[in-house]
Amino acid sequence: MAHPLPIIHKVGVPPKQTLFQEFEHNVKEIFFSDNPLTKFKNQSGSRKFVLGLHSVFPIFDWGRGYNLTTFRYDFIAGITIASLCIPQDIAYARLANLDPQYGLYTSFVTPLVYAFMGSSRDIAIGPVSVVSLLLGTMLTEEISDYKSHEYLRLAFTATFFAGVTQMTLGVLRLGFLIEFISHAAIVGFMAGAAITIALHQLQGLLGIQGFTKKNDVVSVMRSVWSTMHHGWNWHTIVIGVAFLVFLLVTKFIAKKKKKLFWLAAIAPMVSVIVSTVFVYITRVDKKGVSIVRHIEKGVNPISAGEIFFSGKYLGPGIRIGMVAGMVALTEAVAIGRTFAAIKDYSLDGNKEMLAMGTMNIIGSLTSCYVATGSFSRTAANFMAGCKTAVSNIVMSTTVLLTLILITPLFKYTPNAVLSSIIIVVVLGLVNIDVVFLLWKIDKFDFVAFMGAFFGVIFKSADIGILIAVVLSFAKILLQVTRPRTVVLGMIAGTGVYRNIQQYPNATQIPGMLIIRVDSAIYFSNSNYIKERILRCLADEDAERTGSELPRIQYLIVEMSPVSDIDTSGIHAFQQLYKSLQKREVQLVLSNPGPIVMEKLHASKLTDLIGEDKIFLSVAEAVATFGPKGEDL
């Protein structure tokens, strides 16, 4: 039965835009895709000032409806994450090779700043294991004596420039740059850092003295095994393993029974208190058990004068700060988006960058080091029922009271317990299920994961980041320079044309070859696309020569996925047209988009190909030039 001929539609040409209009549109799409200025339209001057204040300090917006009922939830959540953060802060400061009080200083100042400027309701701010390790590794590469005052000054300098980097990205609305590191590479880096951190905690867990300063797994394991017969302290091992088991059990219970999440949240603080009392009573510190010994009491001292703004450490400070700032920002945005999606509210990426940048700049001036969102604390905050960022203020206040009143009580806290706390936290960063999922879904993603992972554990954290960035860009370049081109066939009984590899029963049209280009056509891929199309044509011709199908007379290029084309792409199509003419094959285009159509007209390519060979759909092109009726 013959199919009725469809009505042939002419492909529309969009109205020509001026150079300024094109530039304005591109700038808006790149930097202002969220239309941040819309709410300021038709507002009075005073109202614009208020709205601007709300944009910079969201607390003034949501704070108007704040009440005691909401505060009750935030208070409970704040106390919960404070009980988690205090022992973590002391432990994480050791990863950065800093004295314990600097971890507490960071969890006092930075959460206060974030609470006023951040857009996430759930994220809990403070030091985190991965950034602490990264900072400690890169700082010791510049100054090996981490007990020196210059080391501390360089840490503050790096924190300052981490904040400057984050704020600059927010002000210039360049947040899309952090999207260039693929999720797989980030997961690999985090997993590698987790393994490295956990192995390094064997020093505290086993009571080893004179441990290696290197972070690669070979050096760490060599240091562990070389001291096995004379350097391990069995008192330390008993304490460390006992509390490690306790922490793992509470975490397992909390995972199985969500209502008991508070067990895992308070377990680190309970471990610190019980172990401290135990050491104080038994005085096993005299038998070789390493303890914290001293934590400076009082509020953060001002450190503005400690930052290097000149001299030989300025360059390293900027470099370390930029790397740490980007990693911290990537982690914070990922955590914030995860929990925002669960609660179904939007997270403003640029506001997050401004908030993170401001808090780290202020932090660097008040004896803090690089802070970001902590996944373990954010999860505890969420499970405790937090409603707003006030939970960060409650946590900050609790840390302040700790600094003023009870830091001397941590003197007898065994380092083995702090190592146990870190091990339990970082093991949560290794997700085996995600690794298998990466292998199943995308092999290149799996390679990116493994590259970043092995880069961290066999070399260093900064090398792991470098590998993660390189592999992420390699994937982008591969996809841009080698886009897919697929052959289409008609699904029986319809006018729909689909990939013949996905739909093997789809039939190809006699005398025609239909190819879809699944990418924009730029200088980086235009020649490949042209050669790929000609190769497909040659292969199809060779296959049809020995069959009953007639030789190919029409090549239809389906251009629906082609979002843009540049001058190299136009030139490639001109060459393709000439090559096809020599083969006595007509070039036909299907459904070019408005931007593509505008450029085809501007380049006179439509005159070369012919307006009558540009169609709204493949079906219309086939109806015009393909076999009719029973022959189809």
# chains A, B, ... in the order shown; residues from 1 in each chain; ligands from 1
call {"tool": "residues_around", "arguments": {"residues": "Leu248 of chain A", "least_positions_apart": "2", "cutoff": "10 Å", "atoms": "only C-alpha atoms", "output": "list in words"}}
result
Phe243, Leu244, Val245, Phe246, Thr250, Lys251, Phe252, Ile253, Ala254, Ala264, Ala267, Ser420, Ile421, Ile423, Val424 and Val425 of chain A
call {"tool": "write_last_selection", "arguments": {"atoms": "C-alpha atoms", "output": "PDB file, in the first residue's frame"}}
result
ATOM      1  CA  PHE A 243      37.737   2.430  69.795  1.00  0.00           C
ATOM      2  CA  LEU A 244      38.010   1.718  66.065  1.00  0.00           C
ATOM      3  CA  VAL A 245      35.707  -1.283  66.572  1.00  0.00           C
ATOM      4  CA  PHE A 246      33.372   0.833  68.703  1.00  0.00           C
ATOM      5  CA  THR A 250      28.000   2.522  65.931  1.00  0.00           C
ATOM      6  CA  LYS A 251      28.311   3.516  62.276  1.00  0.00           C
ATOM      7  CA  PHE A 252      26.920   0.132  61.182  1.00  0.00           C
ATOM      8  CA  ILE A 253      23.981   0.426  63.587  1.00  0.00           C
ATOM      9  CA  ALA A 254      23.228   3.969  62.423  1.00  0.00           C
ATOM     10  CA  ALA A 264      27.354   7.505  64.986  1.00  0.00           C
ATOM     11  CA  ALA A 267      30.461   8.192  69.035  1.00  0.00           C
ATOM     12  CA  SER A 420      40.522   5.744  64.668  1.00  0.00           C
ATOM     13  CA  ILE A 421      38.084   8.621  64.142  1.00  0.00           C
ATOM     14  CA  ILE A 423      39.907   6.080  59.579  1.00  0.00           C
ATOM     15  CA  VAL A 424      36.177   5.589  60.136  1.00  0.00           C
ATOM     16  CA  VAL A 425      35.337   8.902  58.461  1.00  0.00           C
TER      17      VAL A 425
END
call {"tool": "residues_around", "arguments": {"residues": "segment 344-348 of chain A", "least_positions_apart": "4", "cutoff": "12 Å", "atoms": "only C-alpha atoms", "output": "VMD selection string"}}
result
chain A and resid 32 to 36 55 to 56 58 117 to 123 170 173 175 332 to 340 352 to 355
call {"tool": "residues_around", "arguments": {"residues": "Tyr102 of chain A", "least_positions_apart": "3", "cutoff": "8 Å", "atoms": "only C-alpha atoms", "output": "list in words"}}
result
Ile90, Ala93, Leu98, Asp99, Tyr105, Thr106, Ser367, Cys368 and Tyr369 of chain A
call {"tool": "select_by_dssp", "arguments": {"residues": "segment 431-570 of chain A", "states": "alpha helix (DSSP H)", "output": "PyMOL selection string"}}
result
chain A and resi 432-441+443-458+461-481+526-545+567-570
call {"tool": "closest_residue", "arguments": {"among": "A:Gly363, A:Gly192, A:Gly204, A:Gly357", "to": "Val130 of chain A", "atoms": "only C-alpha atoms"}}
result
A:Gly192
call {"tool": "residues_around", "arguments": {"residues": "Gln101 of chain A", "least_positions_apart": "6", "cutoff": "12 Å", "atoms": "only C-alpha atoms", "output": "ChimeraX atom specification"}}
result
/A:86-94,107-108,127,292-301,367-369,399-400,402-404,406-408,410-411
call {"tool": "write_last_selection", "arguments": {"atoms": "C-alpha atoms", "output": "CSV table (one decimal), in the first residue's frame"}}
result
chain,number,residue,atom,x,y,z
A,86,ILE,CA,35.3,18.8,67.8
A,87,PRO,CA,37.2,15.5,67.8
A,88,GLN,CA,37.4,15.6,63.9
A,89,ASP,CA,38.9,19.1,64.0
A,90,ILE,CA,41.6,18.0,66.4
A,91,ALA,CA,42.4,15.0,64.2
A,92,TYR,CA,42.2,16.8,60.8
A,93,ALA,CA,44.6,19.5,62.0
A,94,ARG,CA,47.2,16.7,62.4
A,107,SER,CA,35.2,25.4,63.0
A,108,PHE,CA,34.5,28.5,65.0
A,127,PRO,CA,38.0,21.3,58.1
A,292,VAL,CA,47.7,15.3,72.4
A,293,ARG,CA,49.4,17.0,75.4
A,294,HIS,CA,48.5,20.7,74.7
A,295,ILE,CA,45.7,22.6,72.9
A,296,GLU,CA,45.9,26.4,73.1
A,297,LYS,CA,43.1,27.9,75.1
A,298,GLY,CA,41.1,30.9,74.0
A,299,VAL,CA,39.6,32.6,70.9
A,300,ASN,CA,41.3,32.7,67.5
A,301,PRO,CA,44.2,35.2,67.5
A,367,SER,CA,44.1,31.8,62.3
A,368,CYS,CA,42.0,29.3,60.3
A,369,TYR,CA,43.0,27.1,57.5
A,399,VAL,CA,33.2,25.2,69.5
A,400,LEU,CA,33.8,28.7,70.9
A,402,THR,CA,35.1,24.5,74.0
A,403,LEU,CA,38.0,26.8,73.1
A,404,ILE,CA,37.3,29.0,76.1
A,406,ILE,CA,37.6,22.9,78.1
A,407,THR,CA,40.5,22.6,75.7
A,408,PRO,CA,42.9,21.8,78.6
A,410,PHE,CA,42.0,17.2,75.9
A,411,LYS,CA,45.6,17.0,77.1
call {"tool": "residues_around", "arguments": {"residues": "Ile595 of chain A", "least_positions_apart": "3", "cutoff": "8 Å", "atoms": "only C-alpha atoms", "output": "PyMOL selection string"}}
result
chain A and resi 14+563-565+598-599
call {"tool": "write_last_selection", "arguments": {"atoms": "all heavy atoms", "output": "compact mmCIF listing (two decimals), in the first residue's frame"}}
result
# COMPACT_ATOMS: atom_id res chain seq x y z
N PRO A 14 16.12 32.11 10.71
CA PRO A 14 15.86 33.07 11.80
C PRO A 14 16.24 34.48 11.38
O PRO A 14 17.09 34.66 10.50
CB PRO A 14 16.75 32.57 12.94
CG PRO A 14 17.88 31.86 12.26
CD PRO A 14 17.26 31.23 11.04
N SER A 563 24.13 21.68 17.03
CA SER A 563 23.70 22.93 17.66
C SER A 563 24.39 24.15 17.07
O SER A 563 23.89 25.27 17.17
CB SER A 563 23.95 22.88 19.16
OG SER A 563 25.32 22.63 19.44
N ASP A 564 25.58 23.94 16.47
CA ASP A 564 26.32 25.10 15.93
C ASP A 564 27.31 24.60 14.88
O ASP A 564 27.62 23.41 14.81
CB ASP A 564 27.08 25.81 17.06
CG ASP A 564 27.46 27.24 16.69
OD1 ASP A 564 27.20 27.66 15.55
OD2 ASP A 564 28.03 27.94 17.56
N ILE A 565 27.78 25.53 14.06
CA ILE A 565 28.78 25.21 13.04
C ILE A 565 29.65 26.45 12.84
O ILE A 565 29.15 27.57 12.88
CB ILE A 565 28.10 24.77 11.72
CG1 ILE A 565 29.14 24.24 10.74
CG2 ILE A 565 27.30 25.90 11.11
CD1 ILE A 565 28.51 23.56 9.51
N GLU A 598 21.25 29.93 9.84
CA GLU A 598 21.69 31.32 9.63
C GLU A 598 23.09 31.35 9.01
O GLU A 598 23.37 32.12 8.08
CB GLU A 598 21.68 32.06 10.97
CG GLU A 598 22.10 33.52 10.84
CD GLU A 598 22.16 34.22 12.19
OE1 GLU A 598 21.64 33.68 13.19
OE2 GLU A 598 22.76 35.30 12.26
N LYS A 599 23.98 30.47 9.51
CA LYS A 599 25.36 30.45 9.01
C LYS A 599 25.44 29.81 7.62
O LYS A 599 26.29 30.19 6.82
CB LYS A 599 26.26 29.72 10.01
CG LYS A 599 26.41 30.48 11.32
CD LYS A 599 27.35 29.79 12.29
CE LYS A 599 27.51 30.60 13.57
NZ LYS A 599 28.43 29.96 14.53
call {"tool": "residues_around", "arguments": {"residues": "Arg583 of chain A", "least_positions_apart": "4", "cutoff": "12 Å", "atoms": "only C-alpha atoms", "output": "ChimeraX atom specification"}}
result
/A:534,537-538,541,551-555,576-579,587
call {"tool": "write_last_selection", "arguments": {"atoms": "N, CA, C and O atoms", "output": "mmCIF file, in the first residue's frame"}}
result
data_model
loop_
_atom_site.group_PDB
_atom_site.id
_atom_site.type_symbol
_atom_site.label_atom_id
_atom_site.label_comp_id
_atom_site.auth_asym_id
_atom_site.auth_seq_id
_atom_site.Cartn_x
_atom_site.Cartn_y
_atom_site.Cartn_z
ATOM 1 N N LEU A 534 32.244 10.319 4.290
ATOM 2 C CA LEU A 534 32.704 9.742 3.024
ATOM 3 C C LEU A 534 33.061 8.267 3.190
ATOM 4 O O LEU A 534 32.827 7.455 2.287
ATOM 5 N N LEU A 537 29.889 6.338 3.297
ATOM 6 C CA LEU A 537 29.349 6.255 1.941
ATOM 7 C C LEU A 537 30.063 5.172 1.145
ATOM 8 O O LEU A 537 29.409 4.356 0.460
ATOM 9 N N ALA A 538 31.387 5.134 1.248
ATOM 10 C CA ALA A 538 32.163 4.126 0.513
ATOM 11 C C ALA A 538 31.829 2.719 1.003
ATOM 12 O O ALA A 538 31.658 1.786 0.201
ATOM 13 N N ASP A 541 28.285 1.796 -0.164
ATOM 14 C CA ASP A 541 28.298 1.528 -1.612
ATOM 15 C C ASP A 541 28.866 0.144 -1.898
ATOM 16 O O ASP A 541 28.349 -0.607 -2.745
ATOM 17 N N ARG A 551 22.561 1.712 -6.405
ATOM 18 C CA ARG A 551 23.664 2.522 -5.876
ATOM 19 C C ARG A 551 23.105 3.792 -5.208
ATOM 20 O O ARG A 551 22.014 4.268 -5.521
ATOM 21 N N ILE A 552 23.898 4.333 -4.313
ATOM 22 C CA ILE A 552 23.454 5.513 -3.559
ATOM 23 C C ILE A 552 23.535 6.754 -4.442
ATOM 24 O O ILE A 552 24.572 7.054 -5.050
ATOM 25 N N GLN A 553 22.397 7.449 -4.522
ATOM 26 C CA GLN A 553 22.322 8.677 -5.310
ATOM 27 C C GLN A 553 22.135 9.921 -4.431
ATOM 28 O O GLN A 553 22.437 11.035 -4.872
ATOM 29 N N TYR A 554 21.634 9.714 -3.226
ATOM 30 C CA TYR A 554 21.376 10.833 -2.313
ATOM 31 C C TYR A 554 21.979 10.535 -0.942
ATOM 32 O O TYR A 554 21.783 9.444 -0.388
ATOM 33 N N LEU A 555 22.716 11.506 -0.415
ATOM 34 C CA LEU A 555 23.234 11.424 0.949
ATOM 35 C C LEU A 555 22.496 12.464 1.795
ATOM 36 O O LEU A 555 22.626 13.670 1.554
ATOM 37 N N LEU A 576 32.819 18.441 1.170
ATOM 38 C CA LEU A 576 31.976 17.243 1.101
ATOM 39 C C LEU A 576 31.080 17.304 -0.133
ATOM 40 O O LEU A 576 30.933 16.302 -0.859
ATOM 41 N N TYR A 577 30.514 18.468 -0.388
ATOM 42 C CA TYR A 577 29.627 18.647 -1.552
ATOM 43 C C TYR A 577 30.393 18.358 -2.851
ATOM 44 O O TYR A 577 29.900 17.644 -3.735
ATOM 45 N N LYS A 578 31.612 18.903 -2.952
ATOM 46 C CA LYS A 578 32.412 18.692 -4.165
ATOM 47 C C LYS A 578 32.788 17.217 -4.339
ATOM 48 O O LYS A 578 32.761 16.685 -5.446
ATOM 49 N N SER A 579 33.138 16.566 -3.227
ATOM 50 C CA SER A 579 33.483 15.138 -3.296
ATOM 51 C C SER A 579 32.290 14.300 -3.732
ATOM 52 O O SER A 579 32.428 13.355 -4.517
ATOM 53 N N LEU A 587 23.896 15.934 -2.188
ATOM 54 C CA LEU A 587 23.895 16.207 -0.752
ATOM 55 C C LEU A 587 22.563 16.838 -0.350
ATOM 56 O O LEU A 587 22.126 17.828 -0.952
#
call {"tool": "residues_around", "arguments": {"residues": "Thr358 of chain A", "least_positions_apart": "3", "cutoff": "8 Å", "atoms": "only C-alpha atoms", "output": "ChimeraX atom specification"}}
result
/A:113,163-164,167,354-355,361-362
call {"tool": "closest_residue", "arguments": {"among": "A:Ile500, A:Cys85, A:Ala520, A:Leu314", "to": "Thr157 of chain A", "atoms": "only C-alpha atoms"}}
result
A:Leu314
call {"tool": "closest_residue", "arguments": {"among": "A:Val390, A:Leu135, A:Val171, A:Leu429", "to": "Met322 of chain A", "atoms": "only C-alpha atoms"}}
result
A:Leu135
call {"tool": "select_by_dssp", "arguments": {"residues": "segment 409-604 of chain A", "states": "strand (DSSP E or B)", "output": "ChimeraX atom specification"}}
result
/A:414,485-490,497-499,507,512-517,521,554-558,565,586-590
call {"tool": "closest_residue", "arguments": {"among": "A:Val562, A:Leu51, A:Met450, A:Ala461", "to": "Thr196 of chain A", "atoms": "only C-alpha atoms"}}
result
A:Ala461
call {"tool": "atom_distance", "arguments": {"atom1": "atom CA of Val128 of chain A", "atom2": "atom CA of Phe176 of chain A"}}
result
23.3 Å
